[in-house]
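Q: Okay, here's the structure, questions in a sec.
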Amino acid sequence: DGGITQSPKYLFRKEGQNVTLSCEQNLNHDAMYWYRQDPGQGLRLIYYSQIVNDFQKGDIAEGYSVSREKKESFPLTVTSAQKNPTAFYLCASSPGTGELGQPQHFGDGTRLSIL
Amino acid sequence: ILNVEQSPQSLHVQEGDSTNFTCSFPSSNFYALHWYRWETAKSPEALFVMTLNGDEKKKGRISATLNTKEGYSYLYIKGSQPEDSATYLCAFRAGNQFYFGTGTSLTVIP
């Protein structure tokens, strides 16, 4: 069954620690995205990648880092520089950024909390 | 950061009622407008992707229209059912980035 897998579902982080959220897709999609959701706000784009070994900052990239070494994987690291990391994180993919008629496919999300 | 607004924020309707929501977005630099349905504890599911002004899309009892010149899209649900209860998100695509509204939370009362 094709889809996007995010792990873990819940994650707790101590102050000053980096933490990495996993996102894997088996849809053979070129483009992948990371979003953050806070209460009362829409999904906001953190980073996106159009192709392996390439990624671009979204509107709220500060305090986050990503890598795209494989087509299937787009992990997000929340660094200690992110001052307010408690949020719900969603990963998405789409066939390619040039295909305007294609929707995004989403994972189930990871909820990150600070201890 | 582009502003995408959805209204109403929440809606309660009786089973069988028809309803509609609005998504407002910038009228410039338009690439596409997406609608998603997001049920609690599940991942968002795509309903429609609309790319042309005047587009009308339909899937069962749900339909959507698009006006890119004035910057709005309507989502209609005919004869609402309890299983339609969810949050409906719209996303405006500008280039390679997507800007989401805060969603309309629909509750259908049996």
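In the structure tokens, the first chain shown is A, the next is B, and so on; residue numbers restart at 1 for each chain, and ligands run from 1 in the order shown.
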Restrict the distance test to only C-alpha atoms, flag each residue of chain A within 9 Å of chain B, and return the flagged residues as a list of chain:residue names.

A: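 For chain A, the answer reads A:Gly40, A:Gln41, A:Gly42, A:Leu43, A:Arg44, A:Leu45, A:Tyr48, A:Gln50, A:Gly58, A:Asp59, A:Leu90, A:Thr97, A:Gly98, A:Leu100, A:Gly101, A:Gln102, A:Pro103, A:Gln104, A:His105, A:Phe106, A:Gly107, A:Asp108, A:Gly109.
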
Q: Go ahead and write the residues just picked, C-alpha atoms, as a PDB file, in the first residue's frame.

A:
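Written out: selection-v1.pdb:
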ATOM      1  CA  GLY A  40      -5.554  28.388  15.369  1.00  0.00           C
ATOM      2  CA  GLN A  41      -3.151  28.607  12.441  1.00  0.00           C
ATOM      3  CA  GLY A  42      -2.999  27.018   9.021  1.00  0.00           C
ATOM      4  CA  LEU A  43      -0.237  24.676   7.962  1.00  0.00           C
ATOM      5  CA  ARG A  44       2.988  26.624   7.437  1.00  0.00           C
ATOM      6  CA  LEU A  45       5.774  25.460   5.157  1.00  0.00           C
ATOM      7  CA  TYR A  48      10.487  21.578   0.632  1.00  0.00           C
ATOM      8  CA  GLN A  50      11.905  19.171  -5.508  1.00  0.00           C
ATOM      9  CA  GLY A  58       9.817  27.787   3.345  1.00  0.00           C
ATOM     10  CA  ASP A  59       8.422  30.662   5.370  1.00  0.00           C
ATOM     11  CA  LEU A  90       3.132  17.084   8.841  1.00  0.00           C
ATOM     12  CA  THR A  97       6.508  20.645  -8.424  1.00  0.00           C
ATOM     13  CA  GLY A  98       5.960  21.130 -12.163  1.00  0.00           C
ATOM     14  CA  LEU A 100       0.126  21.728 -11.227  1.00  0.00           C
ATOM     15  CA  GLY A 101      -2.864  19.369 -11.300  1.00  0.00           C
ATOM     16  CA  GLN A 102      -1.535  16.917  -8.733  1.00  0.00           C
ATOM     17  CA  PRO A 103      -2.457  17.066  -5.045  1.00  0.00           C
ATOM     18  CA  GLN A 104      -0.175  16.567  -2.110  1.00  0.00           C
ATOM     19  CA  HIS A 105      -0.247  13.314  -0.127  1.00  0.00           C
ATOM     20  CA  PHE A 106       0.194  13.594   3.624  1.00  0.00           C
ATOM     21  CA  GLY A 107       1.512  11.471   6.459  1.00  0.00           C
ATOM     22  CA  ASP A 108      -0.262  11.102   9.792  1.00  0.00           C
ATOM     23  CA  GLY A 109       1.958  13.652  11.509  1.00  0.00           C
TER      24      GLY A 109
END

Q: What lies within 8 Å of Pro95 of chain A using only C-alpha atoms, ignoring chain neighbours under 3 positions off, as a list of chain:residue names?

A: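 Skipping anything fewer than 3 positions along the chain leaves A:Asn28, A:His29, A:Asp30, A:Ala31, A:Glu99, A:Gln102.
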
Q: List as a list in words the protein and nucleic acid residues near segment 57-64 of chain B, meaning an atom at most 7 Å away when only C-alpha atoms are counted, but skip any in the same chain fewer than 6 places from it.

A: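 Residues meeting the cut-off are Phe48, Ser73, Tyr74, Leu75, Tyr76, Ile77 and Lys78 of chain B.
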
Q: What does the structure give for the distance between atom CA of Arg36 of chain A and atom CA of Thr22 of chain B, in Å to one decimal?

A: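 Computing it gives 22.9 Å between the two atoms.
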
Q: Just list the residues in chain A DSSP gives strand (DSSP E or B) on the backbone, as a ChimeraX atom specification.

A: /A:4-7,10-13,19-25,31-37,44-51,54-57,64-66,70,73,76-78,87-94,105-106,110-114

Q: Quick one: residues within 6 Å of Val78 of chain A, only C-alpha atoms, excluding same-chain residues fewer than 6 positions away - as a list in words?

A: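 Non-adjacent residues within range: Asn18, Val19 and Tyr64 of chain A.
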